[in-house]
2 protein chains.
Amino acid sequence: MFNDFKLTEGRPVYIQLKEYLKRMITNGHLLEHQKLPSTRELSTLLSISRNTVLTAYADLEQEGMIYAVKGKGNFVSHVETFKSPSIQLNWTEKINNQSFLAEEMDLMKHGVRWNKEMISFTSIAPDEKLFDVENFKRAFLNRMSIEGDIVLNYGYAKGYKPLIEYLLHYMEIKGVDIRNKDVLITNGFTEALDLLLSSLNKKNGRVICENPTHHSALKLFRLHGFEIDGIEMEDDGVNIRKLETSLSKKEYDFAYLIPSYHNPTGIVTSSEKRKEIMELFSAYQLPIVEDGFNEELRYSGSHLAPLAAFAGHGNHVIYISSFSKILFPGLRVGWILADKELIYYLESMKRARTIHTSTLDQAVLYQYLNDGYFEKYIKKAKSVYKKKYELAVHYCKQLIPFKRLTGDGGLHLFIELENNIDSRKLLEKCYQNGVVFSPGDVFYTDNSGKHTLRLGFSRLKESEIIQGITIIGDTIKNHYGG
Amino acid sequence: MFNDFKLTEGRPVYIQLKEYLKRMITNGHLLEHQKLPSTRELSTLLSISRNTVLTAYADLEQEGMIYAVKGKGNFVSHVETFKSPSIQLNWTEKINNQSFLAEEMDLMKHGVRWNKEMISFTSIAPDEKLFDVENFKRAFLNRMSIEGDIVLNYGYAKGYKPLIEYLLHYMEIKGVDIRNKDVLITNGFTEALDLLLSSLNKKNGRVICENPTHHSALKLFRLHGFEIDGIEMEDDGVNIRKLETSLSKKEYDFAYLIPSYHNPTGIVTSSEKRKEIMELFSAYQLPIVEDGFNEELRYSGSHLAPLAAFAGHGNHVIYISSFSKILFPGLRVGWILADKELIYYLESMKRARTIHTSTLDQAVLYQYLNDGYFEKYIKKAKSVYKKKYELAVHYCKQLIPFKRLTGDGGLHLFIELENNIDSRKLLEKCYQNGVVFSPGDVFYTDNSGKHTLRLGFSRLKESEIIQGITIIGDTIKNHYGG
């Protein structure tokens with residue numbers, strides 16, 4: 001007895017002893033009224049200090065697990081070990097269709113598997129080697145010293161007030177008319193879109209968006225039972241003529257658009273096209289959900305205002321964004337800027353479903369933004385990613401026989417191969433040569449795009465980018481000619 | 001011009017200048033090709049260093065907002081200020097019934113309002129004066145130094161692995177058989193319950209629970225369209241006879257129970273009754289959602305195992321809990337311990353809806369737990385809250401003419417007054433005397449409980465507890481006799 005007690009590092013020994021004894025009591029290895037070894041005996045037996053045993057025994061007594069008899073020692077209390085008849089439910093029978101769909105569309109479960117020795121173009125997450133950990137710590141300590149107790153207690157469903165103020169100001173600088181608008185903080189972009197879809201009437205049950213588009217958005221539209229019409233992408237944004245045709249033929253509840261660094265194509269919608277889009281939607285009085293995805297990453301070129309700015313005093317644009325995608329994705333902070341009345345209802349839905357977003361995440365993010373660390377970080381990040389971007393474009397043009405290559409910056413490129421090349425079959429072959437990428441079909445609204453692929457380069461070294469693209473190019477040439 | 005530039009403290013000056021100029025450009029106060037003051041002029045005009053102006057101009061040029069002409073100075077670039085025709089949508093018309101219901105049941109919007117001069121018994125949040133901010137900082141810095149880059153980048157939908165392992169071990173020590181079980185980390189208890197309700201078949205569309213019960217759970221059941229049958233509470237837990245009658249008469253999808261410090265009654269379900277409950281649900285093969293609410297706060301008395309432990313190898317108990325309620329509610333971390341198959345589906349639903357819970361919150365919480373700070377904190381918290389609890393019970397018994405008083409510890413008491421006393425009317429009167437509490441009716445499944453109230457004492461000083469209870473007692477006596 002007691003010979004299977006093993007210490008692990010970094011956790012107080014008295015707690016480990018206490019947990020060990022508790023487990024022996026709850027699983028019946030120590031019986032009711034059984035005498036425990038004296039503190040002296042146990043400390044010798046386990047080679048730990050007697051004080052440690054004393055503390056553990058005192059705690060166990062306080063928790064009702066053992067009792068002391070003066071002059072006699074410590075004994076095990078009555079601890080219920082009754083087990084009800086073992087029930088084995090078949091949970092799969094109890095799962096609903098949405099949940100099956102969520103599982104089916106779960107790219108982490110059914111997506112590309114790869115190991116660390118391979119070159120993976122699947123990620124569009126930021127490169128953690130760029131993370132500004134020191135200033136992040138500074139921001140944390142600053143905020144904690146200002147209001148640690150507020151940061152750690154309950155917050156508001158709408159969000160942490162200083163961050164809301166910051167974001168309103170931030171959007172105003174982008175040219176957005178913030179009168180009659182408000183901000184709701186969410187657990188990233190995904191919760192924001194989910195809350196919106198959960199709160200709006202499904203009058204027509206149909207949404208219009210770019211084709212291809214963001215996979216997480218597609219998944220949520222499907223989970224919420226929407227029909228999805230995707231409009232093809234031209235090199236400067238969605239095809240306006242086709243957009244207009246669809247709008248004139250069918251009724252939609254809203255549009256979902258990603259004007260900057262469109263995911264997956266990397267296309268930036270031109271200023272001219274933004275105007276056309278806005279005029280069109282004004283004419284149809286249709287709400288637009290604008291995804292501000294990585295808009296902050298613009299490497300160069302003229303200033304581009306978000307659609308929310310073109311809307312002026314109008315209230316039909318719902319702008320959803322997050323800094324996490326380029327800054328710290330481990331912090332789950334996104335936001336919705338929209339009409340005040342709409343935010344009022346979304347706030348109650350948010351409270352009903354997750355109470356509020358982590359105040360710690362919000363408060364540290366606020367401090368990091370306010371102290372100007374974000375400005376500095378984004379400059380560094382831009383220069384690093386820009387180099388990788390230019391390198392990737394250069395080598396793709398040289399080595400991959402594509403039909404079309406898009407990506408005006410950002411963290412990824414999108415490639416359309418010849419129609420006869422199935423990118424999933426290509427992936428299998430590249431996999432054998434140690435390279436993986438994202439097959440593009442998962443981004444399409446209509447089961448097309450089988451000849452497309454997305455290359456995320458943000459987390460790769462320059463040498464890996466070159467090597468990976470070379471292997472993809474060679475694999476295509478070897479199997480399909482070129 | 002430029003005379004409305006005002007500096008705020010704590011934010012780099014060059015960023016403030018940049019934002020100021022950007023705003024003047026995007027709102028059309030500075031026009032295309034307009035010449036900006038020289039850096040020297042502007043630094044004099046605004047009493048800031050010339051370097052600051054240089055940095056701001058350089059950034060604006062990089063962002064495409066201004067352009068420099070050699071030897072001539074800096075000029076405003078073309079920035080699109082087109083606004084589409086102003087659309088005013090009526091968002092209230094687009095809101096669905098669930099969202100209206102969430103708003104209607106939103107206690108923060110329609111609950112008791114009070115100001116800081118008043119004594120408020122409405123909160124059952126922990127007292128922030130007890131917060132162990134220093135050790136929390138230590139845990140943060142420890143974790144960041146171990147794996148800051150992992151903490152800040154994307155995590156897994158299922159949760160942060162060390163925390164999952166910790167929680168499995170933690171539940172095992174409570175006597176739970178963790179074979180074939182798994183843990184999903186969520187944004188607190190509320191998201192956990194919401195994910196579950198979103199993923200299960202609504203076969204019978206009916207849930208059985210204690211009456212009264214947790215308001216957030218009631219709200220979610222209603223939002224998901226469940227019929228709710230509440231079973232009255234006796235002093236040692238739910239009325240077993242009535243529970244059995246209901247189970248024999250109607251078909252339910254699952255039960256929702258709060259065995260420890262039941263919210264709002266504060267009742268702890270006895271060991272004997274836990275056995276009876278488990279036997280009954282085994283017979284009916286019905287899943288139980290067990291809310292582990294504040295189970296860690298047990299001030300004294302014998303050890304009580306969660307229902308999940310009584311289930312043994314069975315898989316019909318879904319245990320949901322969170323440390324946030326007593327530790328740091330600002331960190332949104334809860335968890336579900338349930339059958340592996342069920343967790344597998346819930347994980348995909350979690351990923352679809354919020355990607356994952358803040359890795360920062362999870363990692364710091366893990367470190368705080370693992371380093372043994374939680375054990376120390378809970379001891380301190382227990383001794384403080386226990387004193388407040390005993391004080392509140394003592395004065396309630398002396399001063400409030402109640403029909404029934406419940407609360408075996410925890411952070412709140414529940415009072416049933418004589419049936420002729422409407423606690424909302426009483427609240428209005430107490431409000432005038434500077435005291436507020438939570439009217440109990442919001443916790444009832446069947447619109448009853450109009451003569452009940454909940455007193456949360458966790459955040460009050462001892463003198464406030466005494467004064468508040470005195471005022472409530474006097475108000476009752478003055479208006480209803482006693």
# chains A, B, ... in the order shown; residues from 1 in each chain; ligands from 1

call {"tool": "closest_atom_pairs", "arguments": {"of": "range 117-189 of chain B", "to": "range 79-99 of chain A", "cutoff": "12 Å", "atoms": "only C-alpha atoms", "output": "Markdown table"}}
result
| residue | atom | partner | partner_atom | distance |
| --- | --- | --- | --- | --- |
| B:Lys174 | CA | A:Thr81 | CA | 10.7 |
| B:Gly175 | CA | A:Thr81 | CA | 8.1 |
| B:Val176 | CA | A:Lys83 | CA | 10.2 |
| B:Asp177 | CA | A:Lys83 | CA | 10.3 |
| B:Asn180 | CA | A:Gln88 | CA | 10.8 |

call {"tool": "write_last_selection", "arguments": {"atoms": "C-alpha atoms", "output": "PDB file, in the first residue's frame"}}
result
ATOM      1  CA  LYS B 174     -14.197  13.014  -7.078  1.00  0.00           C
ATOM      2  CA  GLY B 175     -14.929   9.363  -7.746  1.00  0.00           C
ATOM      3  CA  VAL B 176     -15.977   9.678 -11.387  1.00  0.00           C
ATOM      4  CA  ASP B 177     -15.186   6.746 -13.646  1.00  0.00           C
ATOM      5  CA  ASN B 180     -14.989   6.233 -22.036  1.00  0.00           C
TER       6      ASN B 180
END

call {"tool": "residues_around", "arguments": {"residues": "Glu191 in chain B", "least_positions_apart": "2", "cutoff": "9 Å", "atoms": "only C-alpha atoms", "output": "MDAnalysis selection string"}}
result
(chainID A and resid 352:355) or (chainID B and resid 186:189 193:196 334 350)

call {"tool": "write_last_selection", "arguments": {"atoms": "C-alpha atoms", "output": "CSV table (one decimal), in the first residue's frame"}}
result
chain,number,residue,atom,x,y,z
A,352,ALA,CA,-28.1,34.1,-23.2
A,353,ARG,CA,-25.5,32.0,-25.0
A,354,THR,CA,-22.0,32.8,-23.5
A,355,ILE,CA,-22.6,35.6,-20.9
B,186,THR,CA,-16.3,25.8,-23.3
B,187,ASN,CA,-16.8,29.5,-22.7
B,188,GLY,CA,-18.3,28.9,-19.3
B,189,PHE,CA,-21.3,26.9,-18.2
B,193,LEU,CA,-25.4,24.0,-22.0
B,194,ASP,CA,-26.1,25.9,-25.2
B,195,LEU,CA,-23.9,23.6,-27.3
B,196,LEU,CA,-25.5,20.5,-25.8
B,334,GLY,CA,-16.2,26.0,-18.3
B,350,LYS,CA,-18.0,24.1,-30.7

call {"tool": "residues_around", "arguments": {"residues": "range 215-228 of chain B", "least_positions_apart": "2", "cutoff": "8 Å", "atoms": "only C-alpha atoms", "output": "list in words"}}
result
Ala352 and Arg353 of chain A; Gln98, Leu101, Ala102, Met105, Thr190, Leu193, Asp194, Leu197, Ser198, Gly205, Arg206, Val207, Ile208, Cys209, Thr213, Gly230, Val442, Phe443 and Thr445 of chain B

call {"tool": "write_last_selection", "arguments": {"atoms": "N, CA, C and O atoms", "output": "compact mmCIF listing (two decimals), in the first residue's frame"}}
result
# COMPACT_ATOMS: atom_id res chain seq x y z
N ALA A 352 -27.39 35.37 -23.41
CA ALA A 352 -28.10 34.10 -23.24
C ALA A 352 -27.18 32.93 -23.55
O ALA A 352 -27.30 31.87 -22.95
N ARG A 353 -26.25 33.12 -24.46
CA ARG A 353 -25.48 31.97 -24.96
C ARG A 353 -24.07 31.84 -24.40
O ARG A 353 -23.57 30.73 -24.25
N GLN B 98 -36.73 34.03 -31.25
CA GLN B 98 -35.76 33.65 -30.22
C GLN B 98 -35.05 34.88 -29.68
O GLN B 98 -34.80 35.01 -28.50
N LEU B 101 -37.17 36.80 -27.43
CA LEU B 101 -37.28 36.09 -26.17
C LEU B 101 -36.01 36.29 -25.32
O LEU B 101 -36.10 36.52 -24.10
N ALA B 102 -34.85 36.24 -25.98
CA ALA B 102 -33.59 36.46 -25.26
C ALA B 102 -33.59 37.86 -24.63
O ALA B 102 -33.13 38.05 -23.50
N MET B 105 -36.07 37.97 -21.65
CA MET B 105 -35.59 37.27 -20.45
C MET B 105 -34.24 37.79 -19.96
O MET B 105 -33.62 37.20 -19.09
N THR B 190 -22.57 28.40 -19.50
CA THR B 190 -23.66 28.76 -20.39
C THR B 190 -23.43 28.24 -21.81
O THR B 190 -24.32 27.65 -22.42
N LEU B 193 -23.98 24.42 -21.95
CA LEU B 193 -25.38 23.98 -22.02
C LEU B 193 -25.96 24.30 -23.40
O LEU B 193 -26.69 23.50 -23.99
N ASP B 194 -25.61 25.46 -23.93
CA ASP B 194 -26.13 25.86 -25.24
C ASP B 194 -25.66 24.91 -26.34
O ASP B 194 -26.43 24.52 -27.21
N LEU B 197 -27.64 21.68 -26.04
CA LEU B 197 -29.01 21.82 -26.52
C LEU B 197 -29.04 21.95 -28.04
O LEU B 197 -30.00 21.54 -28.68
N SER B 198 -27.99 22.53 -28.60
CA SER B 198 -27.93 22.70 -30.06
C SER B 198 -27.61 21.39 -30.78
O SER B 198 -27.79 21.29 -31.98
N GLY B 205 -39.03 17.02 -26.81
CA GLY B 205 -39.16 18.47 -26.67
C GLY B 205 -39.48 18.89 -25.24
O GLY B 205 -40.08 19.95 -25.03
N ARG B 206 -39.07 18.04 -24.28
CA ARG B 206 -39.45 18.35 -22.90
C ARG B 206 -38.27 18.04 -21.98
O ARG B 206 -37.60 17.02 -22.12
N VAL B 207 -38.04 18.95 -21.01
CA VAL B 207 -36.97 18.74 -20.04
C VAL B 207 -37.56 18.80 -18.63
O VAL B 207 -38.54 19.51 -18.38
N ILE B 208 -36.98 18.00 -17.74
CA ILE B 208 -37.45 18.00 -16.35
C ILE B 208 -36.33 18.57 -15.47
O ILE B 208 -35.15 18.28 -15.70
N CYS B 209 -36.69 19.42 -14.51
CA CYS B 209 -35.66 20.04 -13.68
C CYS B 209 -36.24 20.40 -12.32
O CYS B 209 -37.43 20.19 -12.08
N THR B 213 -35.22 26.99 -10.52
CA THR B 213 -33.91 26.57 -11.02
C THR B 213 -33.13 27.77 -11.59
O THR B 213 -33.62 28.90 -11.61
N GLY B 230 -40.98 21.58 -13.89
CA GLY B 230 -40.19 21.79 -12.69
C GLY B 230 -40.75 20.98 -11.52
O GLY B 230 -41.96 20.93 -11.33
N VAL B 442 -38.42 34.84 -11.22
CA VAL B 442 -37.69 34.58 -12.47
C VAL B 442 -37.05 33.19 -12.50
O VAL B 442 -36.64 32.72 -13.57
N PHE B 443 -36.95 32.55 -11.35
CA PHE B 443 -36.31 31.23 -11.30
C PHE B 443 -37.32 30.08 -11.45
O PHE B 443 -36.94 28.93 -11.52
N THR B 445 -40.30 27.69 -13.05
CA THR B 445 -40.64 27.16 -14.37
C THR B 445 -42.10 27.40 -14.72
O THR B 445 -42.50 27.22 -15.86

call {"tool": "residues_around", "arguments": {"residues": "Ser383 in chain B", "least_positions_apart": "4", "cutoff": "8 Å", "atoms": "only C-alpha atoms", "output": "PyMOL selection string"}}
result
chain B and resi 299+379+387

call {"tool": "write_last_selection", "arguments": {"atoms": "N, CA and C atoms", "output": "short mmCIF file (atom, residue, chain, number, x, y, z; two decimals), in the first residue's frame"}}
result
data_model
loop_
_atom_site.label_atom_id
_atom_site.label_comp_id
_atom_site.auth_asym_id
_atom_site.auth_seq_id
_atom_site.Cartn_x
_atom_site.Cartn_y
_atom_site.Cartn_z
N TYR B 299 -18.58 24.22 2.85
CA TYR B 299 -17.91 24.79 4.03
C TYR B 299 -17.55 23.73 5.06
N LYS B 379 -9.53 27.89 0.25
CA LYS B 379 -9.56 27.87 1.72
C LYS B 379 -9.89 29.25 2.28
N LYS B 387 -18.36 32.88 7.01
CA LYS B 387 -18.71 33.89 8.02
C LYS B 387 -19.91 34.70 7.56
#

call {"tool": "select_by_dssp", "arguments": {"residues": "range 6-160 of chain B", "states": "strand (DSSP E)", "output": "VMD selection string"}}
result
chain B and resid 66 to 69 73 to 76 119 to 120

call {"tool": "residues_around", "arguments": {"residues": "range 330-333 of chain B", "least_positions_apart": "3", "cutoff": "7 Å", "atoms": "only C-alpha atoms", "output": "count of residues only"}}
result
17

call {"tool": "residues_around", "arguments": {"residues": "Ser248 in chain A", "least_positions_apart": "4", "cutoff": "12 Å", "atoms": "only C-alpha atoms", "output": "MDAnalysis selection string"}}
result
chainID A and resid 241:244 252 280:281 283:284 286

call {"tool": "write_last_selection", "arguments": {"atoms": "N, CA and C atoms", "output": "CSV table (one decimal), in the first residue's frame"}}
result
chain,number,residue,atom,x,y,z
A,241,ARG,N,-22.0,41.9,-62.8
A,241,ARG,CA,-23.2,41.6,-63.7
A,241,ARG,C,-23.9,40.4,-63.2
A,242,LYS,N,-23.2,39.4,-62.8
A,242,LYS,CA,-23.8,38.1,-62.2
A,242,LYS,C,-24.5,38.4,-60.9
A,243,LEU,N,-23.8,39.2,-60.1
A,243,LEU,CA,-24.4,39.6,-58.8
A,243,LEU,C,-25.8,40.2,-59.0
A,244,GLU,N,-25.8,41.2,-60.0
A,244,GLU,CA,-27.1,41.9,-60.3
A,244,GLU,C,-28.1,40.9,-60.8
A,252,TYR,N,-33.1,37.5,-51.3
A,252,TYR,CA,-32.1,37.1,-50.3
A,252,TYR,C,-32.4,37.8,-48.9
A,280,LEU,N,-25.6,48.9,-55.8
A,280,LEU,CA,-26.5,47.8,-56.1
A,280,LEU,C,-27.3,47.4,-54.8
A,281,PHE,N,-26.6,47.2,-53.7
A,281,PHE,CA,-27.3,46.8,-52.5
A,281,PHE,C,-28.2,47.9,-52.0
A,283,ALA,N,-29.9,49.8,-53.9
A,283,ALA,CA,-31.1,49.7,-54.7
A,283,ALA,C,-32.0,48.6,-54.3
A,284,TYR,N,-31.4,47.5,-53.8
A,284,TYR,CA,-32.2,46.3,-53.4
A,284,TYR,C,-32.5,46.3,-51.9
A,286,LEU,N,-30.8,45.7,-49.4
A,286,LEU,CA,-30.4,44.4,-48.8
A,286,LEU,C,-29.2,44.6,-47.9

call {"tool": "select_by_dssp", "arguments": {"residues": "range 110-311 of chain A", "states": "alpha helix (DSSP H)", "output": "MDAnalysis selection string"}}
result
chainID A and resid 110 133:152 161:173 188:199 215:223 240:249 271:284 307:310

call {"tool": "residues_around", "arguments": {"residues": "Ala56 in chain B", "least_positions_apart": "4", "cutoff": "9 Å", "atoms": "only C-alpha atoms", "output": "list of chain:residue names"}}
result
B:Val13, B:Tyr14, B:Ile15, B:Gln16, B:Leu17, B:Lys18, B:Glu19, B:Leu21, B:Asn51, B:Thr52, B:Leu60, B:Glu61

call {"tool": "write_last_selection", "arguments": {"atoms": "C-alpha atoms", "output": "short mmCIF file (atom, residue, chain, number, x, y, z; two decimals), in the first residue's frame"}}
result
data_model
loop_
_atom_site.label_atom_id
_atom_site.label_comp_id
_atom_site.auth_asym_id
_atom_site.auth_seq_id
_atom_site.Cartn_x
_atom_site.Cartn_y
_atom_site.Cartn_z
CA VAL B 13 1.69 60.77 -29.77
CA TYR B 14 2.63 59.81 -33.35
CA ILE B 15 -0.33 57.43 -33.46
CA GLN B 16 -2.68 60.10 -32.16
CA LEU B 17 -1.46 62.56 -34.80
CA LYS B 18 -1.75 59.94 -37.52
CA GLU B 19 -5.30 59.06 -36.49
CA LEU B 21 -4.96 63.38 -39.84
CA ASN B 51 10.29 63.35 -35.11
CA THR B 52 6.74 62.55 -34.08
CA LEU B 60 0.42 57.85 -43.64
CA GLU B 61 2.45 57.68 -46.84
#

call {"tool": "atom_distance", "arguments": {"atom1": "CA of Arg454 in chain B", "atom2": "CA of Lys382 in chain B"}}
result
20.1 Å
